[in-house]
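Novice: What follows is query_23.tsv; its format and atoms are TSV, C-alpha atoms.
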chain	number	residue	atom	x	y	z
A	24	MET	CA	-82.12	91.52	-40.40
A	25	SER	CA	-83.63	89.43	-37.62
A	26	ILE	CA	-81.52	87.53	-35.06
A	27	ASP	CA	-82.69	84.36	-33.35
A	28	ALA	CA	-82.65	85.61	-29.76
A	29	ALA	CA	-83.81	82.29	-28.30
A	30	ARG	CA	-80.89	80.42	-29.92
A	31	THR	CA	-78.54	83.13	-28.64
A	32	LEU	CA	-79.37	82.02	-25.10
A	33	ASP	CA	-78.70	78.33	-25.79
A	34	PRO	CA	-75.79	77.43	-23.44
A	35	ALA	CA	-74.34	75.21	-26.19
A	36	LEU	CA	-73.42	78.36	-28.17
A	37	GLY	CA	-71.07	79.59	-25.43
A	38	LEU	CA	-72.57	82.95	-24.47
A	39	VAL	CA	-74.34	81.90	-21.27
A	40	SER	CA	-73.87	78.96	-18.96
A	41	GLU	CA	-77.61	78.85	-18.28
A	42	ALA	CA	-80.71	80.87	-19.11
A	43	SER	CA	-84.25	81.03	-17.76
A	44	ILE	CA	-87.50	82.59	-18.90
A	45	TYR	CA	-90.00	83.41	-16.17
A	46	LEU	CA	-93.75	83.74	-16.52
A	47	PRO	CA	-95.22	87.24	-16.13
A	48	ASN	CA	-94.89	88.72	-12.66
A	49	GLU	CA	-97.57	90.55	-10.69
A	50	VAL	CA	-97.66	93.47	-13.13
A	51	GLY	CA	-97.48	91.34	-16.27
A	52	LEU	CA	-93.78	91.60	-17.14
A	53	TRP	CA	-91.93	88.60	-18.58
A	54	ARG	CA	-88.37	88.11	-17.33
A	55	THR	CA	-85.39	86.58	-19.13
A	56	VAL	CA	-82.20	85.91	-17.15
A	57	GLY	CA	-78.86	84.44	-18.22
A	58	LEU	CA	-75.57	83.70	-16.46
A	59	LEU	CA	-72.58	84.81	-18.51
A	60	ALA	CA	-70.30	81.97	-19.57
A	61	ASN	CA	-67.19	84.16	-19.21
A	62	ALA	CA	-67.91	85.47	-15.70
A	63	GLY	CA	-64.79	85.31	-13.54
A	64	THR	CA	-64.28	82.57	-10.98
A	65	GLY	CA	-66.22	83.33	-7.82
A	66	VAL	CA	-68.18	86.12	-9.50
A	67	SER	CA	-71.91	85.98	-8.86
A	68	GLY	CA	-75.06	88.04	-8.54
A	69	PHE	CA	-74.90	91.48	-10.17
A	70	ALA	CA	-71.62	90.71	-11.95
A	71	SER	CA	-72.62	87.47	-13.67
A	72	ALA	CA	-76.39	87.59	-14.16
A	73	VAL	CA	-77.91	89.62	-16.98
A	74	GLY	CA	-81.45	89.90	-18.21
A	75	ALA	CA	-84.45	92.00	-19.09
A	76	PHE	CA	-88.13	92.48	-18.34
A	77	ASP	CA	-90.71	93.27	-21.01
A	78	VAL	CA	-94.44	93.22	-21.63
A	79	ASN	CA	-94.30	90.13	-23.84
A	80	ARG	CA	-92.22	86.97	-23.98
A	81	ARG	CA	-90.53	87.65	-27.30
A	82	ALA	CA	-89.44	91.17	-26.38
A	83	SER	CA	-88.09	89.94	-23.05
A	84	ILE	CA	-86.00	87.25	-24.73
A	85	THR	CA	-84.73	89.66	-27.40
A	86	ARG	CA	-83.70	92.28	-24.87
A	87	GLY	CA	-82.24	89.68	-22.51
A	88	ALA	CA	-80.16	88.17	-25.32
A	89	GLY	CA	-78.88	91.61	-26.33
A	90	GLU	CA	-77.91	92.39	-22.76
A	91	ALA	CA	-75.99	89.10	-22.54
A	92	VAL	CA	-74.16	89.79	-25.82
A	93	GLU	CA	-72.97	93.26	-24.89
A	94	ARG	CA	-71.94	92.33	-21.35
A	95	PHE	CA	-70.07	89.21	-22.53
A	96	ALA	CA	-68.12	91.36	-25.01
A	97	LEU	CA	-66.87	93.75	-22.31
A	98	VAL	CA	-64.59	91.02	-20.94
A	99	PRO	CA	-61.07	90.87	-22.50
A	100	ALA	CA	-60.42	87.93	-24.84
A	101	ASP	CA	-57.42	86.25	-26.46
A	102	ALA	CA	-58.51	87.57	-29.87
A	103	ASP	CA	-57.85	91.15	-28.69
A	104	SER	CA	-54.19	90.87	-29.68
A	105	ASP	CA	-55.19	90.48	-33.34
A	106	CYS	CA	-58.35	92.57	-33.52
A	107	LEU	CA	-58.20	95.33	-30.91
A	108	LEU	CA	-54.81	96.15	-29.39
A	109	MET	CA	-52.95	98.99	-31.11
A	110	ALA	CA	-49.54	97.32	-31.04
A	111	HIS	CA	-48.76	98.38	-34.63
A	112	LEU	CA	-48.61	102.07	-33.70
A	113	GLN	CA	-45.46	103.44	-32.13
A	114	GLY	CA	-44.19	106.74	-30.78
A	115	ALA	CA	-45.73	109.88	-32.26
A	116	ASP	CA	-48.36	107.98	-34.21
A	117	MET	CA	-49.70	106.37	-31.06
A	118	ALA	CA	-49.53	109.60	-29.03
A	119	SER	CA	-51.43	111.59	-31.66
A	120	GLN	CA	-54.33	109.14	-31.70
A	121	ARG	CA	-54.72	108.56	-27.96
A	122	ILE	CA	-57.73	110.23	-26.40
A	123	ASP	CA	-57.40	112.39	-23.29
A	124	TYR	CA	-59.01	110.33	-20.53
A	125	VAL	CA	-57.91	112.42	-17.54
A	126	THR	CA	-59.57	115.79	-18.25
A	127	PRO	CA	-63.11	114.33	-18.73
A	128	GLY	CA	-62.79	112.14	-15.63
A	129	LEU	CA	-62.54	108.75	-17.34
A	130	GLY	CA	-59.35	108.00	-15.41
A	131	MET	CA	-56.93	109.54	-12.92
A	132	ALA	CA	-53.70	111.32	-13.83
A	133	SER	CA	-51.82	108.70	-11.80
A	134	ALA	CA	-52.56	106.19	-14.57
A	135	LEU	CA	-50.30	108.16	-16.92
A	136	ALA	CA	-47.32	106.56	-15.17
A	137	TYR	CA	-48.30	103.17	-16.63
A	138	GLU	CA	-47.99	101.80	-20.14
A	139	LEU	CA	-51.64	100.96	-20.59
A	140	PRO	CA	-53.04	98.72	-23.31
A	141	TRP	CA	-54.84	100.85	-25.91
A	142	TYR	CA	-57.70	99.71	-28.12
A	143	ALA	CA	-58.54	100.64	-31.68
A	144	ALA	CA	-61.50	102.98	-31.90
A	145	THR	CA	-63.27	105.01	-34.57
A	146	ASP	CA	-64.11	108.69	-34.19
A	147	LEU	CA	-67.79	108.55	-35.17
A	148	LEU	CA	-67.77	112.19	-36.34
A	149	THR	CA	-64.72	112.06	-38.62
A	150	GLY	CA	-64.35	108.33	-39.23
A	151	LYS	CA	-60.67	108.52	-38.28
A	152	GLU	CA	-58.86	105.87	-36.25
A	153	SER	CA	-58.22	106.67	-32.59
A	154	CYS	CA	-56.99	104.90	-29.46
A	155	VAL	CA	-58.99	104.40	-26.26
A	156	PRO	CA	-57.43	102.99	-23.05
A	157	ALA	CA	-58.51	99.43	-22.32
A	158	PRO	CA	-59.66	100.19	-18.73
A	159	VAL	CA	-62.26	102.61	-20.13
A	160	VAL	CA	-63.72	99.83	-22.29
A	161	ASP	CA	-63.37	96.58	-20.33
A	162	TYR	CA	-65.77	95.62	-17.57
A	163	GLY	CA	-65.56	92.35	-15.64
A	164	GLY	CA	-63.48	89.24	-16.15
A	165	GLY	CA	-61.69	89.23	-12.81
A	166	ILE	CA	-58.26	90.16	-14.24
A	167	LEU	CA	-56.27	92.44	-11.92
A	168	ASN	CA	-53.96	95.17	-13.27
A	169	PRO	CA	-51.70	97.66	-11.45
A	170	TRP	CA	-53.65	100.63	-12.89
A	171	ASP	CA	-57.10	99.42	-11.80
A	172	ALA	CA	-57.24	101.83	-8.85
A	173	PHE	CA	-57.16	104.78	-11.26
A	174	PHE	CA	-60.19	103.85	-13.37
A	175	ASP	CA	-63.85	103.19	-12.64
A	176	PRO	CA	-65.03	100.71	-15.30
A	177	SER	CA	-68.71	100.56	-16.19
A	178	PRO	CA	-70.95	99.03	-18.89
A	179	ASN	CA	-72.21	102.48	-19.91
A	180	GLY	CA	-72.30	102.80	-23.71
A	181	ALA	CA	-72.13	99.07	-24.43
A	182	ALA	CA	-74.66	98.01	-27.04
A	183	SER	CA	-75.50	95.25	-29.48
A	184	GLY	CA	-77.81	94.51	-32.37
A	185	PRO	CA	-78.17	93.11	-35.87
A	186	SER	CA	-75.96	95.79	-37.45
A	187	GLY	CA	-73.22	98.23	-36.63
A	188	ALA	CA	-75.55	101.19	-37.23
A	189	PHE	CA	-78.11	99.80	-34.77
A	190	ALA	CA	-75.52	99.06	-32.09
A	191	LYS	CA	-73.82	102.45	-32.42
A	192	ALA	CA	-77.10	104.36	-32.17
A	193	SER	CA	-78.10	102.34	-29.10
A	194	GLY	CA	-74.75	102.81	-27.39
A	195	VAL	CA	-74.60	106.57	-27.97
A	196	ALA	CA	-78.24	106.96	-26.89
A	197	GLU	CA	-77.44	105.18	-23.62
A	198	VAL	CA	-74.56	107.59	-22.92
A	199	ILE	CA	-76.89	110.55	-23.63
A	200	GLU	CA	-79.55	109.02	-21.37
A	201	ARG	CA	-77.21	108.55	-18.40
A	202	ASP	CA	-75.59	111.96	-18.93
A	203	ALA	CA	-79.01	113.64	-18.85
A	204	PHE	CA	-80.08	111.84	-15.70
A	205	LEU	CA	-76.82	112.31	-13.82
A	206	ALA	CA	-76.80	116.05	-14.60
A	207	ALA	CA	-80.38	116.35	-13.35
A	208	TRP	CA	-79.61	114.27	-10.26
A	209	ARG	CA	-76.48	116.21	-9.29
A	210	THR	CA	-78.23	119.56	-9.63
A	211	ARG	CA	-81.67	118.33	-8.42
A	212	THR	CA	-83.33	119.73	-11.51
A	213	ALA	CA	-87.12	119.84	-11.16
A	214	LEU	CA	-88.39	117.35	-13.75
A	215	GLN	CA	-91.59	117.58	-15.79
A	216	LEU	CA	-94.17	115.37	-14.14
A	217	PHE	CA	-96.26	112.98	-16.25
A	218	HIS	CA	-99.87	112.12	-15.48
A	219	ASP	CA	-102.11	109.98	-17.64
A	220	GLY	CA	-104.72	112.72	-17.91
A	221	GLY	CA	-102.24	114.88	-19.80
A	222	ILE	CA	-101.87	112.54	-22.78
A	223	PRO	CA	-103.04	114.32	-25.96
A	224	ASP	CA	-106.20	112.81	-27.45
A	225	PRO	CA	-104.56	111.81	-30.76
A	226	LEU	CA	-102.09	109.62	-28.84
A	227	ARG	CA	-104.53	107.84	-26.57
A	228	GLY	CA	-105.39	105.08	-29.00
A	229	THR	CA	-101.86	104.25	-30.12
A	230	GLN	CA	-100.30	100.89	-29.32
A	231	GLU	CA	-97.41	102.50	-27.43
A	232	THR	CA	-99.82	104.45	-25.24
A	233	GLN	CA	-101.91	101.39	-24.51
A	234	ARG	CA	-98.81	99.42	-23.52
A	235	LEU	CA	-97.69	102.19	-21.18
A	236	LEU	CA	-101.09	102.63	-19.55
A	237	GLY	CA	-101.65	98.88	-19.26
A	238	LEU	CA	-98.38	98.52	-17.37
A	239	LEU	CA	-98.99	101.63	-15.27
A	240	TYR	CA	-102.50	100.56	-14.25
A	241	ALA	CA	-101.30	97.03	-13.47
A	242	ALA	CA	-98.73	98.58	-11.12
A	243	HIS	CA	-101.40	100.75	-9.49
A	244	ALA	CA	-103.60	97.69	-8.97
A	245	ARG	CA	-100.76	96.08	-6.99
A	246	GLY	CA	-100.31	99.11	-4.76
A	247	ILE	CA	-97.22	100.34	-6.65
A	248	SER	CA	-97.13	104.10	-7.21
A	249	PRO	CA	-94.49	105.02	-9.80
A	250	THR	CA	-93.58	108.67	-10.28
A	251	LEU	CA	-92.98	109.30	-13.99
A	252	ALA	CA	-91.35	112.44	-15.33
A	253	PHE	CA	-89.29	113.87	-18.18
A	254	ILE	CA	-85.92	115.56	-17.90
A	255	PRO	CA	-86.28	118.99	-19.58
A	256	SER	CA	-84.71	118.63	-23.04
A	257	ASP	CA	-86.01	121.19	-25.51
A	258	GLU	CA	-82.85	121.13	-27.63
A	259	GLY	CA	-81.75	117.49	-27.30
A	260	PRO	CA	-82.51	114.80	-29.90
A	261	LEU	CA	-84.08	112.46	-27.32
A	262	HIS	CA	-86.60	112.58	-24.51
A	263	THR	CA	-85.25	111.07	-21.28
A	264	ALA	CA	-87.96	109.72	-19.00
A	265	VAL	CA	-87.46	108.84	-15.33
A	266	CYS	CA	-89.40	106.42	-13.14
A	267	ILE	CA	-89.09	106.55	-9.34
A	268	ILE	CA	-90.63	103.86	-7.15
A	269	ILE	CA	-90.45	104.09	-3.37
A	270	GLY	CA	-91.36	100.64	-2.12
A	271	LYS	CA	-91.06	98.24	0.79
A	272	SER	CA	-89.53	94.79	0.92
A	273	ASP	CA	-91.74	91.77	1.52
A	274	ASP	CA	-89.89	90.65	4.64
A	275	GLY	CA	-92.56	91.99	6.96
A	276	GLY	CA	-92.27	92.91	10.61
A	277	ALA	CA	-89.19	94.61	11.97
A	278	HIS	CA	-87.09	93.48	8.98
A	279	GLN	CA	-89.22	95.27	6.38
A	280	ARG	CA	-87.18	97.90	4.55
A	281	GLN	CA	-87.95	100.71	2.17
A	282	PHE	CA	-86.04	101.04	-1.07
A	283	GLY	CA	-85.71	103.55	-3.89
A	284	ALA	CA	-85.87	102.05	-7.38
A	285	VAL	CA	-85.13	104.25	-10.40
A	286	GLY	CA	-85.49	103.48	-14.10
A	287	ILE	CA	-84.61	105.71	-17.06
A	288	LYS	CA	-85.04	105.56	-20.82
A	289	ALA	CA	-84.20	107.90	-23.70
A	290	ALA	CA	-86.11	107.82	-26.99
A	291	SER	CA	-87.34	110.21	-29.65
A	292	ASP	CA	-90.92	109.07	-28.90
A	293	PRO	CA	-91.88	110.34	-25.42
A	294	MET	CA	-94.36	107.49	-24.93
A	295	ALA	CA	-91.67	104.90	-25.66
A	296	ALA	CA	-89.34	106.69	-23.24
A	297	LEU	CA	-91.98	106.57	-20.50
A	298	ARG	CA	-92.72	102.88	-21.01
A	299	GLY	CA	-89.02	102.01	-21.04
A	300	ALA	CA	-88.40	103.95	-17.82
A	301	LEU	CA	-91.40	102.34	-16.14
A	302	GLN	CA	-90.27	98.85	-17.19
A	303	GLU	CA	-86.80	99.49	-15.85
A	304	GLY	CA	-88.13	100.95	-12.61
A	305	LEU	CA	-90.29	97.88	-12.07
A	306	GLN	CA	-87.31	95.65	-12.94
A	307	ILE	CA	-85.13	97.35	-10.31
A	308	ARG	CA	-88.01	97.03	-7.85
A	309	GLU	CA	-87.94	93.25	-8.40
A	310	LEU	CA	-84.22	93.29	-7.71
A	311	PHE	CA	-84.77	94.93	-4.34
A	312	LEU	CA	-87.54	92.49	-3.44
A	313	ALA	CA	-85.35	89.50	-4.32
A	314	ARG	CA	-82.08	90.58	-2.68
A	315	THR	CA	-81.04	89.53	0.80
A	316	PRO	CA	-80.58	92.63	2.98
A	317	SER	CA	-77.08	93.23	4.28
A	318	VAL	CA	-76.58	92.63	8.00
A	319	MET	CA	-74.24	95.62	8.23
A	320	PRO	CA	-75.19	99.09	6.97
A	321	VAL	CA	-73.59	100.13	3.68
A	322	LEU	CA	-71.02	102.84	4.35
A	323	GLU	CA	-69.34	102.99	0.93
A	324	VAL	CA	-70.75	102.46	-2.55
A	325	THR	CA	-68.23	100.55	-4.65
A	326	ASP	CA	-70.40	98.48	-7.01
A	327	ASP	CA	-74.01	97.70	-7.91
A	328	GLY	CA	-74.46	95.45	-4.88
A	329	SER	CA	-73.43	98.07	-2.35
A	330	ARG	CA	-75.36	100.73	-4.29
A	331	ALA	CA	-78.50	98.66	-3.87
A	332	GLY	CA	-77.74	98.43	-0.15
A	333	TYR	CA	-77.28	102.20	0.04
A	334	TRP	CA	-80.68	102.78	-1.54
A	335	THR	CA	-82.40	101.09	1.38
A	336	ARG	CA	-81.08	103.69	3.83
A	337	PRO	CA	-83.80	106.00	5.27
A	338	GLU	CA	-81.82	109.17	4.54
A	339	ALA	CA	-81.32	108.12	0.91
A	340	ILE	CA	-85.03	107.35	0.49
A	341	ALA	CA	-85.92	110.71	2.04
A	342	GLU	CA	-83.65	112.57	-0.40
A	343	LEU	CA	-85.08	110.76	-3.43
A	344	SER	CA	-88.63	111.42	-2.21
A	345	GLU	CA	-87.89	115.09	-1.68
A	346	TRP	CA	-86.55	115.38	-5.23
A	347	ALA	CA	-89.67	113.69	-6.64
A	348	ARG	CA	-91.88	116.13	-4.75
A	349	SER	CA	-90.15	119.01	-6.56
A	350	PHE	CA	-91.35	117.82	-9.97
A	351	GLY	CA	-93.88	120.12	-11.61
A	352	ALA	CA	-96.71	119.64	-14.07
A	353	SER	CA	-96.13	120.43	-17.74
A	354	GLU	CA	-97.60	119.79	-21.15
A	355	PHE	CA	-96.93	116.42	-22.73
A	356	PRO	CA	-93.88	116.82	-25.00
A	357	ALA	CA	-94.07	116.38	-28.75
A	358	ALA	CA	-92.22	113.53	-30.41
A	359	LYS	CA	-88.82	114.38	-31.81
A	360	ALA	CA	-87.53	113.31	-35.22
A	361	ALA	CA	-86.03	109.82	-35.20
A	362	ALA	CA	-82.28	110.15	-34.64
A	363	ASP	CA	-79.67	107.75	-36.01
A	364	ALA	CA	-76.12	107.46	-34.71
A	365	ASP	CA	-74.89	110.28	-36.96
A	366	ALA	CA	-77.48	112.71	-35.61
A	367	LEU	CA	-76.71	111.78	-32.00
A	368	VAL	CA	-72.96	112.13	-32.59
A	369	LYS	CA	-73.38	115.56	-34.19
A	370	TRP	CA	-75.50	116.75	-31.27
A	371	LEU	CA	-72.89	115.59	-28.77
A	372	ASP	CA	-70.20	117.33	-30.84
A	373	SER	CA	-72.19	120.57	-30.61
A	374	ARG	CA	-71.77	120.26	-26.84
A	375	GLY	CA	-68.02	119.70	-27.16
A	376	ILE	CA	-68.28	115.94	-26.59
A	377	LYS	CA	-66.43	113.56	-28.91
A	378	THR	CA	-67.79	110.09	-29.62
A	379	TYR	CA	-65.67	106.99	-30.22
A	380	TRP	CA	-66.80	103.48	-31.07
A	381	VAL	CA	-64.82	100.41	-30.02
A	382	SER	CA	-65.89	97.31	-31.95
A	383	LEU	CA	-66.02	94.21	-29.73
A	384	THR	CA	-67.78	91.67	-31.96
A	385	HIS	CA	-64.61	89.57	-32.20
A	386	ARG	CA	-64.95	88.73	-28.48
A	387	LEU	CA	-68.20	86.86	-29.00
A	388	PRO	CA	-68.24	83.07	-29.37
A	389	PRO	CA	-68.12	82.10	-33.09
A	390	ALA	CA	-71.61	80.61	-32.98
A	391	ILE	CA	-73.01	83.91	-31.65
A	392	GLN	CA	-71.21	85.88	-34.37
A	393	GLU	CA	-72.71	83.55	-36.97
A	394	LEU	CA	-76.19	84.45	-35.75
A	395	GLY	CA	-75.49	88.02	-36.88
A	396	TRP	CA	-74.79	89.84	-33.64
A	397	VAL	CA	-72.72	93.04	-33.72
A	398	THR	CA	-71.52	94.66	-30.51
A	399	GLY	CA	-69.24	97.36	-29.18
A	400	LYS	CA	-69.00	100.29	-26.81
A	401	ALA	CA	-69.50	104.02	-27.26
A	402	VAL	CA	-66.96	106.12	-25.35
A	403	CYS	CA	-67.84	109.81	-25.09
A	404	PRO	CA	-65.27	111.92	-23.20
A	405	GLY	CA	-67.05	114.94	-21.79
A	406	ALA	CA	-70.34	113.22	-21.03
A	407	ILE	CA	-70.85	112.56	-17.32
A	408	PRO	CA	-69.44	109.07	-16.61
A	409	LEU	CA	-71.65	106.48	-14.93
A	410	THR	CA	-69.98	106.07	-11.54
A	411	MET	CA	-69.71	102.54	-10.19
A	412	ASP	CA	-67.24	103.09	-7.33
A	413	GLU	CA	-68.02	106.33	-5.51
A	414	THR	CA	-64.85	106.11	-3.40
A	415	LYS	CA	-62.65	106.87	-6.42
A	416	GLY	CA	-64.12	110.34	-6.87
A	417	LEU	CA	-63.75	110.34	-10.65
A	418	ALA	CA	-67.14	111.79	-11.60
A	419	ARG	CA	-66.90	115.54	-11.16
A	420	MET	CA	-69.52	117.93	-12.49
A	421	PRO	CA	-69.07	121.70	-12.49
A	422	GLY	CA	-72.04	123.28	-10.73
A	423	GLY	CA	-73.27	120.00	-9.32
A	424	SER	CA	-74.28	120.40	-5.69
A	425	SER	CA	-75.07	116.83	-4.60
A	426	THR	CA	-72.52	114.23	-3.58
A	427	THR	CA	-75.17	111.60	-2.78
A	428	PRO	CA	-74.51	108.40	-4.77
A	429	HIS	CA	-76.78	108.17	-7.79
A	430	PRO	CA	-79.57	105.55	-7.73
A	431	LEU	CA	-78.91	103.87	-11.12
A	432	ILE	CA	-78.32	100.12	-10.75
Once you've parsed the file, please lay out its structure as structure tokens.
Specialist:
Amino acid sequence: MSIDAARTLDPALGLVSEASIYLPNEVGLWRTVGLLANAGTGVSGFASAVGAFDVNRRASITRGAGEAVERFALVPADADSDCLLMAHLQGADMASQRIDYVTPGLGMASALAYELPWYAATDLLTGKESCVPAPVVDYGGGILNPWDAFFDPSPNGAASGPSGAFAKASGVAEVIERDAFLAAWRTRTALQLFHDGGIPDPLRGTQETQRLLGLLYAAHARGISPTLAFIPSDEGPLHTAVCIIIGKSDDGGAHQRQFGAVGIKAASDPMAALRGALQEGLQIRELFLARTPSVMPVLEVTDDGSRAGYWTRPEAIAELSEWARSFGASEFPAAKAAADADALVKWLDSRGIKTYWVSLTHRLPPAIQELGWVTGKAVCPGAIPLTMDETKGLARMPGGSSTTPHPLI
């Protein structure tokens, strides 16, 4: 099934208040940006704008529309009372189906003192109904609750697509991707460095390889030197590629600042993973070039905006550079078998990680639902959570040595 991504971004349909498509930038990437129609009053910048870069116009629009759909659906809606809230369960029934959010670091024990709203979820391994706390699912909207201090909401695991199977596979893959990177970052694992000379001959003529190399060489021609590497993953169902770009702002003179931009992508095809990571790294680079530097130094990372500020600090850049220098050469990895949601869920279960799916399609404007969009969020207790607010100290990893805020924006 194909969805009309361009119509999705028509403000008349209620998903975005405005949308723009930009001509290719200096490395040939198209950019699609939309402002969410349900962004809270006074919310701007990182919190309200969504979008995507890609090597062609159509792909950029498709990915940008998908990003807008999944982010829009993370905001609570009036329809939740009929479609999502577990008000029909009482007492023992409710208690037996509630997930443990404290042990895996999805929320603090202090939140247990509150009667939280709980959302209907499906255990993707067993198919049974479960309950997930609303603060683990929702992200944005500007609504304040007394338990907010005990959770660190993020968009991690949110996904959309033309079917439930597509959305679930995408959401679970994103959780696996972030978990792999955060584990490597916390332990400073030496990644497997990629260089274009190491591409096996049979792969050199493929379309995916040509897209990757075209983008990589365009970056080189502009003086951009991405470091590309794989996170070691012999047993996992996906390859997770990492792109690191150490760059400088265009301010010039005494105001010129360095920044560390990082992109990641997980896929069964290592070439697709590399291209996705490179695209994201270049996208984050554009973010740094466009943002206005903070007058005051960032002392605490509490959201994407302050995280971006942190990753202009000399000591942060030095630490990222040192990690990149530890990467070692290795053979180009073989493609893995394509993995659907069931395969990803079973692999996570083998690691002791449960996977729940919260359907959020009902939150979309009716006209967007009619186009065929399906959306929701994968919640995987036991995977490393994507920290947004470092001051809450929720993300704990046994054996992890680094407390430096991660560079994912």
Novice: Do a neighbour search on Gly87 (chain A) at 9 Å with all atoms listed in the file, toss out local chain neighbours closer than 3 positions, and write the hits as a PyMOL selection string.
Specialist: chain A and resi 28+32+54-57+73-76+82-84+90-92
Novice: Kindly assemble as CSV a list of the region 351-425 of chain A residues that lie within 7 Å of region 192-196 of chain A, each paired with its nearest atom pair and their distance in Å to one decimal, using only C-alpha atoms, sorted first by chain and then by ascending residue number.
Specialist:
residue,atom,partner,partner_atom,distance
A:Asp363,CA,A:Ala192,CA,5.7
A:Ala364,CA,A:Ala192,CA,4.1
A:Leu367,CA,A:Val195,CA,6.9
A:Lys400,CA,A:Gly194,CA,6.3
A:Ala401,CA,A:Gly194,CA,5.4
Novice: Excluding region 263-274 of chain A and its own-chain neighbours fewer than 6 positions away, which residues fall within 8 Å of it when counting all atoms listed in the file? Please give them as a PyMOL selection string.
Specialist: chain A and resi 200+203-204+247-254+256+280-290+293+296-297+300-301+303-305+308+311-312+340+344+347
Novice: Nearest residue to Ser40 (chain A) out of A:Ser382, A:Ser71, A:Ser104, A:Gln302, using only C-alpha atoms?
Specialist: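 For Ser40 (chain A), the nearest of the given residues is A:Ser71.
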Novice: Please identify all polymer residues within 6 Å of region 403-407 of chain A, counting all atoms listed in the file, omitting same-chain residues fewer than 6 positions from it, and present them as a PyMOL selection string.
Specialist: chain A and resi 127+202+376-378
Novice: Counting only C-alpha atoms, which of A:Arg209, A:Phe355, A:Thr149, A:Ala132 gets nearest to Leu343 (chain A)?
Specialist: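 Among A:Arg209, A:Phe355, A:Thr149, A:Ala132, it is A:Arg209 that comes nearest to Leu343 (chain A).
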Novice: List the spatial neighbours of Leu322 (chain A) as an MDAnalysis selection string - criterion: any atom at most 10 Å away, all atoms listed in the file, same-chain residues fewer than 6 positions off excluded.
Specialist: chainID A and resid 329:330 332:333
Novice: So how far away is CA of Arg94 (chain A) from CA of Asn61 (chain A), in Å?
Specialist: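 CA of Arg94 (chain A) lies at a distance of 9.7 Å from CA of Asn61 (chain A).
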Novice: Work out how far CA of Glu41 (chain A) is from CA of Ile391 (chain A), in Å to one decimal.
Specialist: 15.0 Å
Novice: For the atom pair CA of Ala143 (chain A) and CA of Leu409 (chain A), what is the interatomic distance in Å to one decimal place?
Specialist: 22.1 Å
Novice: My list of candidates is A:Leu235, A:Ile432, A:Ala144, A:Ala313. Which is closest to Ala331 (chain A) when distances are computed with all atoms listed in the file?
Specialist: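 The shortest atom-to-atom distance to Ala331 (chain A) comes from A:Ile432.
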Novice: Extending 8 Å beyond the listed atoms of region 71-87 of chain A on each side, what axis-aligned box results? I want centre and edge lengths in Å to one decimal, as lines of an AutoDock Vina configuration file.
Specialist:
center_x = -83.5
center_y = 90.1
center_z = -20.5
size_x = 37.8
size_y = 22.3
size_z = 29.7
Novice: Find, counting only C-alpha atoms, the residue in A:Met131, A:Leu261, A:Leu58, A:Ala35 that gets nearest to Glu197 (chain A).
Specialist: A:Leu261
Novice: Compare A:Val198, A:Arg86, A:Leu167, A:Asp27 by their minimum atom-to-atom distance to Gly180 (chain A), counting all atoms listed in the file, and give me the closest one.
Specialist: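 Once distances to Gly180 (chain A) are computed over all atoms listed in the file, the minimum belongs to A:Val198.
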Novice: Neighbouring residues of Pro260 (chain A) were defined as those with any atom within 9 Å, considering all atoms listed in the file; residues of the same chain fewer than 5 positions away were excluded. Please report them as a PDB file with C-alpha atoms, keeping the file's coordinate frame.
Specialist:
ATOM      1  CA  ALA A 290     -86.110 107.820 -26.990  1.00  0.00           C
ATOM      2  CA  SER A 291     -87.340 110.210 -29.650  1.00  0.00           C
ATOM      3  CA  LYS A 359     -88.820 114.380 -31.810  1.00  0.00           C
ATOM      4  CA  ALA A 360     -87.530 113.310 -35.220  1.00  0.00           C
ATOM      5  CA  ALA A 361     -86.030 109.820 -35.200  1.00  0.00           C
ATOM      6  CA  ALA A 362     -82.280 110.150 -34.640  1.00  0.00           C
ATOM      7  CA  ALA A 366     -77.480 112.710 -35.610  1.00  0.00           C
ATOM      8  CA  LEU A 367     -76.710 111.780 -32.000  1.00  0.00           C
ATOM      9  CA  TRP A 370     -75.500 116.750 -31.270  1.00  0.00           C
TER      10      TRP A 370
END
Novice: Ranking A:Thr145, A:Thr384, A:Thr426, A:Ser186 by minimum distance to Gly399 (chain A) and counting all atoms listed in the file, which one comes first?
Specialist: A:Thr384
